[in-house]
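So this block is structure-v5.txt, compact mmCIF, C-alpha atoms:
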```
# COMPACT_ATOMS: atom_id res chain seq x y z
CA MET A 1 0.00 0.00 0.00
CA ARG A 2 1.06 3.52 -0.70
CA ASN A 3 2.44 5.78 1.91
CA PRO A 4 -0.36 8.17 2.66
CA GLU A 5 2.12 10.89 3.64
CA LEU A 6 2.63 13.91 1.42
CA THR A 7 5.67 13.75 -0.77
CA ARG A 8 8.98 14.78 0.73
CA SER A 9 7.37 15.54 4.01
CA ALA A 10 10.53 14.38 5.74
CA ASN A 11 12.52 17.26 4.27
CA PRO A 12 12.82 20.43 6.28
CA ALA A 13 10.61 23.25 5.14
CA THR A 14 13.47 25.71 5.19
CA LYS A 15 15.98 26.00 2.42
CA ARG A 16 19.36 24.52 2.99
CA ALA A 17 22.47 26.64 3.23
CA MET A 18 23.41 27.85 -0.21
CA GLY A 19 26.98 26.57 -0.09
CA LYS A 20 26.02 23.00 0.47
CA ASP A 21 23.31 23.10 -2.16
CA GLY A 22 25.67 24.55 -4.76
CA PHE A 23 28.27 21.95 -3.96
CA GLN A 24 25.80 19.16 -4.46
CA PHE A 25 24.68 20.69 -7.72
CA TRP A 26 28.21 20.65 -9.08
CA LEU A 27 28.85 17.20 -7.72
CA ARG A 28 25.88 15.92 -9.65
CA HIS A 29 27.21 17.54 -12.81
CA LEU A 30 30.64 16.07 -12.27
CA ARG A 31 29.13 12.62 -12.11
CA VAL A 32 27.34 13.19 -15.42
CA LEU A 33 30.46 14.54 -17.11
CA PRO A 34 32.00 11.20 -18.21
CA LEU A 35 28.64 10.17 -19.59
CA MET A 36 28.38 13.35 -21.60
CA GLY A 37 31.92 12.90 -22.85
CA GLY A 38 31.05 9.43 -24.03
CA LEU A 39 27.99 10.73 -25.82
CA ALA A 40 30.02 13.48 -27.46
CA LEU A 41 32.57 10.98 -28.70
CA ALA A 42 29.88 8.66 -30.01
CA GLY A 43 28.25 11.58 -31.81
CA CYS A 44 31.45 12.67 -33.54
CA ILE A 45 31.18 12.84 -37.31
CA SER A 46 34.40 11.98 -39.04
CA VAL A 47 35.01 14.05 -42.15
CA LYS A 48 37.23 12.58 -44.79
CA ALA A 49 38.63 14.59 -47.65
CA PRO A 50 37.16 13.35 -50.92
CA ASP A 51 39.64 11.86 -53.35
CA LYS A 52 38.02 13.62 -56.29
CA PRO A 53 38.47 17.40 -56.59
CA ILE A 54 35.52 19.40 -55.33
CA VAL A 55 33.74 20.87 -58.31
CA ILE A 56 31.54 23.87 -57.79
CA GLU A 57 28.54 23.33 -59.99
CA LEU A 58 28.06 26.89 -61.07
CA ASN A 59 24.37 27.23 -61.72
CA ILE A 60 23.63 23.62 -62.54
CA ASN A 61 20.53 24.68 -64.46
CA ILE A 62 22.56 26.12 -67.28
CA LYS A 63 22.67 23.56 -70.06
CA GLN A 64 25.58 22.98 -72.34
CA GLU A 65 23.43 23.50 -75.41
CA VAL A 66 22.54 26.99 -74.24
CA VAL A 67 26.23 27.80 -73.76
CA TYR A 68 26.97 26.55 -77.26
CA ARG A 69 24.11 28.54 -78.73
CA LEU A 70 25.31 31.77 -77.07
CA ALA A 71 29.03 31.27 -77.69
CA GLN A 72 29.25 33.07 -81.04
CA ASP A 73 27.25 36.05 -79.88
CA ALA A 74 29.21 36.26 -76.63
CA ASN A 75 32.44 36.20 -78.59
CA ASN A 76 31.24 39.15 -80.69
CA THR A 77 30.21 40.99 -77.54
CA ILE A 78 33.65 40.53 -75.99
CA GLU A 79 35.38 41.70 -79.16
CA SER A 80 33.26 44.81 -79.43
CA ASN A 81 33.77 45.85 -75.78
CA PRO A 82 37.53 45.65 -75.27
CA ASP A 83 37.43 48.24 -72.49
CA ILE A 84 35.54 46.01 -70.06
CA PHE A 85 36.88 42.58 -71.02
CA MET B 1 51.92 28.19 -95.19
CA THR B 2 55.32 29.71 -94.55
CA LYS B 3 56.10 31.69 -91.47
CA VAL B 4 56.46 34.96 -93.34
CA SER B 5 53.16 34.71 -95.17
CA MET B 6 51.46 33.68 -91.91
CA ARG B 7 52.83 36.77 -90.24
CA LYS B 8 51.58 38.85 -93.14
CA THR B 9 48.13 37.32 -92.88
CA LEU B 10 48.10 37.93 -89.16
CA SER B 11 49.14 41.53 -89.51
CA THR B 12 46.52 42.05 -92.20
CA LEU B 13 43.92 40.55 -89.91
CA ALA B 14 45.09 42.74 -87.06
CA ALA B 15 44.94 45.83 -89.26
CA THR B 16 41.43 44.91 -90.41
CA GLY B 17 40.41 44.39 -86.84
CA LEU B 18 41.81 47.75 -85.85
CA LEU B 19 39.95 49.47 -88.68
CA LEU B 20 36.70 47.71 -87.84
CA GLY B 21 37.19 48.49 -84.16
CA ALA B 22 37.83 52.16 -84.90
CA ALA B 23 34.83 52.34 -87.22
CA GLY B 24 32.54 50.55 -84.80
CA SER B 25 33.53 52.38 -81.66
CA PRO B 26 31.22 55.14 -80.54
CA GLY B 27 33.89 56.87 -78.47
CA PHE B 28 37.60 56.73 -77.90
CA ALA B 29 37.57 54.93 -74.55
CA GLN B 30 38.02 51.56 -76.15
CA SER B 31 40.97 50.16 -74.27
CA ARG B 32 41.37 48.78 -70.78
CA ASP B 33 41.69 51.09 -67.80
CA PRO B 34 45.45 51.25 -67.02
CA ALA B 35 44.84 50.22 -63.40
CA TYR B 36 42.84 47.21 -64.56
CA ALA B 37 45.40 46.28 -67.20
CA ALA B 38 48.23 46.49 -64.67
CA ALA B 39 46.35 44.47 -62.03
CA ARG B 40 45.44 41.85 -64.60
CA ALA B 41 49.02 41.55 -65.78
CA ALA B 42 50.24 41.38 -62.17
CA GLY B 43 47.79 38.56 -61.38
CA GLN B 44 45.86 40.59 -58.80
CA VAL B 45 42.61 40.13 -60.66
CA GLY B 46 41.49 37.21 -62.76
CA GLU B 47 38.64 35.93 -64.87
CA LYS B 48 36.02 34.02 -62.91
CA MET B 49 33.90 31.19 -64.31
CA ASP B 50 30.75 33.28 -63.98
CA GLY B 51 31.91 35.88 -66.50
CA TYR B 52 33.05 38.54 -64.03
CA LEU B 53 36.38 39.69 -62.68
CA GLY B 54 37.51 38.42 -59.29
CA TYR B 55 40.25 39.35 -56.85
CA VAL B 56 43.13 36.94 -56.48
CA THR B 57 44.64 39.06 -53.70
CA PRO B 58 42.79 41.60 -51.52
CA PRO B 59 42.53 44.73 -53.67
CA ALA B 60 43.42 48.30 -52.77
CA PRO B 61 40.32 50.53 -52.65
CA ALA B 62 41.23 52.24 -55.93
CA LEU B 63 41.57 48.95 -57.77
CA ARG B 64 38.39 47.63 -56.21
CA ALA B 65 36.49 50.63 -57.52
CA VAL B 66 37.81 50.09 -61.04
CA VAL B 67 37.03 46.37 -61.02
CA GLU B 68 33.55 46.82 -59.54
CA ASP B 69 32.84 49.39 -62.24
CA ILE B 70 33.93 46.96 -64.94
CA ASN B 71 31.80 44.17 -63.45
CA ILE B 72 28.76 46.44 -63.38
CA LYS B 73 29.33 47.37 -67.01
CA ARG B 74 29.81 43.70 -67.87
CA LYS B 75 26.54 42.82 -66.21
CA ALA B 76 24.75 45.55 -68.15
CA VAL B 77 26.16 44.21 -71.42
CA TYR B 78 25.32 40.61 -70.48
CA ALA B 79 21.77 41.60 -69.58
CA GLU B 80 21.21 43.43 -72.86
CA LYS B 81 22.68 40.64 -74.98
CA ALA B 82 20.95 37.90 -72.99
CA GLN B 83 17.60 39.52 -73.65
CA ALA B 84 18.36 39.79 -77.35
CA ASN B 85 19.25 36.07 -77.40
CA LYS B 86 16.33 34.96 -75.24
CA ALA B 87 18.68 33.68 -72.55
CA THR B 88 19.18 34.51 -68.90
CA VAL B 89 21.88 36.91 -67.74
CA GLU B 90 23.60 34.04 -65.92
CA GLU B 91 23.63 31.88 -69.03
CA TYR B 92 25.11 34.64 -71.12
CA ALA B 93 27.61 35.54 -68.41
CA LEU B 94 28.75 31.94 -67.95
CA THR B 95 29.21 31.57 -71.70
CA SER B 96 31.28 34.74 -71.73
CA GLY B 97 33.27 33.43 -68.76
CA CYS B 98 34.14 30.32 -70.78
CA LEU B 99 35.42 32.45 -73.63
CA LEU B 100 37.20 34.97 -71.40
CA ILE B 101 39.07 32.22 -69.57
CA ALA B 102 40.01 30.69 -72.93
CA GLN B 103 41.31 34.10 -74.02
CA THR B 104 43.53 34.70 -70.99
CA LYS B 105 47.18 35.14 -71.82
CA PRO B 106 49.96 33.12 -70.18
CA GLY B 107 50.65 34.54 -66.73
CA GLU B 108 47.11 35.87 -66.23
CA LYS B 109 44.84 34.40 -63.57
CA TYR B 110 41.62 32.48 -64.10
CA GLN B 111 39.27 30.49 -61.90
CA ALA B 112 39.30 26.72 -62.39
CA PRO B 113 36.10 24.62 -62.07
CA ASP B 114 37.08 23.76 -58.47
CA GLY B 115 37.02 27.46 -57.63
CA SER B 116 40.77 27.85 -57.24
CA TRP B 117 42.80 30.55 -58.92
CA GLN B 118 45.11 29.26 -61.60
CA THR B 119 47.81 30.94 -63.61
CA ARG B 120 47.31 30.50 -67.31
CA GLY B 121 50.11 28.49 -68.79
CA ALA B 122 50.97 27.76 -72.38
CA GLY B 123 48.33 25.02 -72.63
CA ALA B 124 44.54 25.16 -72.53
CA PRO B 125 43.00 26.41 -69.27
CA MET B 126 40.87 24.20 -67.01
CA ARG B 127 37.29 25.09 -67.79
CA ASP B 128 33.74 24.11 -66.95
CA SER B 129 32.61 20.95 -68.75
CA ARG B 130 29.87 22.90 -70.48
CA CYS B 131 32.27 25.36 -72.11
CA PRO B 132 32.37 25.25 -75.92
```

Rewrite the structure of this file - the entire thing - as structure tokens.
Amino acid sequence: MRNPELTRSANPATKRAMGKDGFQFWLRHLRVLPLMGGLALAGCISVKAPDKPIVIELNINIKQEVVYRLAQDANNTIESNPDIF
Amino acid sequence: MTKVSMRKTLSTLAATGLLLGAAGSPGFAQSRDPAYAAARAAGQVGEKMDGYLGYVTPPAPALRAVVEDINIKRKAVYAEKAQANKATVEEYALTSGCLLIAQTKPGEKYQAPDGSWQTRGAGAPMRDSRCP
């Protein structure tokens, strides 16, 4: 059968001295520290350098056929604007 | 073709080009800004894949102003020509970038497909796979 008493009734109603409380707080954290370290290690993502060179796909939507279609006109544009090219 | 006749042909072509250029130019400001030309030759600026100029080394404010001005003018030209060709500005700019990188002279800088700056050597430059 359940204890009919209110929860934590055995604890004093007054707050404990701050120093002791703070110490216990840190102690609790110290105990958790190795666990957290383990979790951090398990969660590590290893990044390997790819063996192929990284290629920036500059606007992947631009199709080769468009580039070929524009090439002649672009060449004329470059030739007729030598001050900015 | 012998070397001499080739040289003759080339000089004739160059002369024709000069005449055409002079006839077709609306003003006289038809050569590169000296600051831009010097920076380009020194490898401080290079041709990017996207059709604009980029900085290989951090530019002085004066050079930055010149290069930004050129890039704005380039964009205006790209936009006008792209519209005439029913293409996007980016498409036209990328196409121009292909050609501009191909036209770099040995010693000048250009951007390789991996984004790195390269110095143009005697051989063909590294270009985007879509380049003509």

Show me, as a tab-separated table, the residues of chain A having an atom within 12 Å of chain B, each with the closest atom pair and its distance in Å, using all atoms listed in the file.
```
residue	atom	partner	partner_atom	distance
A:Lys52	CA	B:Asp114	CA	10.4
A:Pro53	CA	B:Asp114	CA	6.8
A:Ile54	CA	B:Asp114	CA	5.6
A:Val55	CA	B:Asp114	CA	4.4
A:Ile56	CA	B:Asp114	CA	5.6
A:Glu57	CA	B:Pro113	CA	7.9
A:Leu58	CA	B:Asp50	CA	7.5
A:Asn59	CA	B:Glu90	CA	8.0
A:Ile60	CA	B:Arg130	CA	10.1
A:Asn61	CA	B:Glu91	CA	9.1
A:Ile62	CA	B:Glu91	CA	6.1
A:Lys63	CA	B:Arg130	CA	7.2
A:Gln64	CA	B:Arg130	CA	4.7
A:Glu65	CA	B:Arg130	CA	8.1
A:Val66	CA	B:Glu91	CA	7.2
A:Val67	CA	B:Thr95	CA	5.2
A:Tyr68	CA	B:Pro132	CA	5.7
A:Arg69	CA	B:Asn85	CA	9.1
A:Leu70	CA	B:Tyr92	CA	6.6
A:Ala71	CA	B:Thr95	CA	6.0
A:Gln72	CA	B:Thr95	CA	9.5
A:Asp73	CA	B:Lys81	CA	8.1
A:Ala74	CA	B:Ser96	CA	5.5
A:Asn75	CA	B:Leu99	CA	6.9
A:Asn76	CA	B:Ser96	CA	10.0
A:Thr77	CA	B:Lys81	CA	8.0
A:Ile78	CA	B:Ser96	CA	7.6
A:Glu79	CA	B:Gly21	CA	8.6
A:Ser80	CA	B:Gly21	CA	7.2
A:Asn81	CA	B:Gln30	CA	7.1
A:Pro82	CA	B:Ser31	CA	5.8
A:Asp83	CA	B:Arg32	CA	4.3
A:Ile84	CA	B:Ile70	CA	5.5
A:Phe85	CA	B:Leu100	CA	7.6
```

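Coordinates place CA of Tyr55 in chain B at a distance of 29.5 Å from CA of Lys48 in chain A.
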
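We find CA of Pro59 in chain B and CA of Ala76 in chain B to be spaced 22.9 Å apart.
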
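Atom to atom, CA of Gln111 in chain B and CA of Val89 in chain B stand 19.4 Å apart.
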
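For the residues B:Lys75, B:Val66, B:Gly43, B:Gln83, ranking by smallest atom-to-atom distance to Gln118 in chain B using all atoms listed in the file places B:Gly43 first.
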
Draw an axis-aligned box over all listed atoms of range 70-86 of chain B, pad each side with 3 Å, and write its centre and edge lengths in Å, one decimal, as lines of an AutoDock Vina configuration file.
```
center_x = 25.1
center_y = 41.2
center_z = -70.4
size_x = 23.6
size_y = 18.4
size_z = 20.0
```

Shortest interatomic distance to Trp117 in chain B - which of B:Ala65, B:Ala41, B:Val56, B:Ile101, counting all atoms listed in the file:
B:Val56
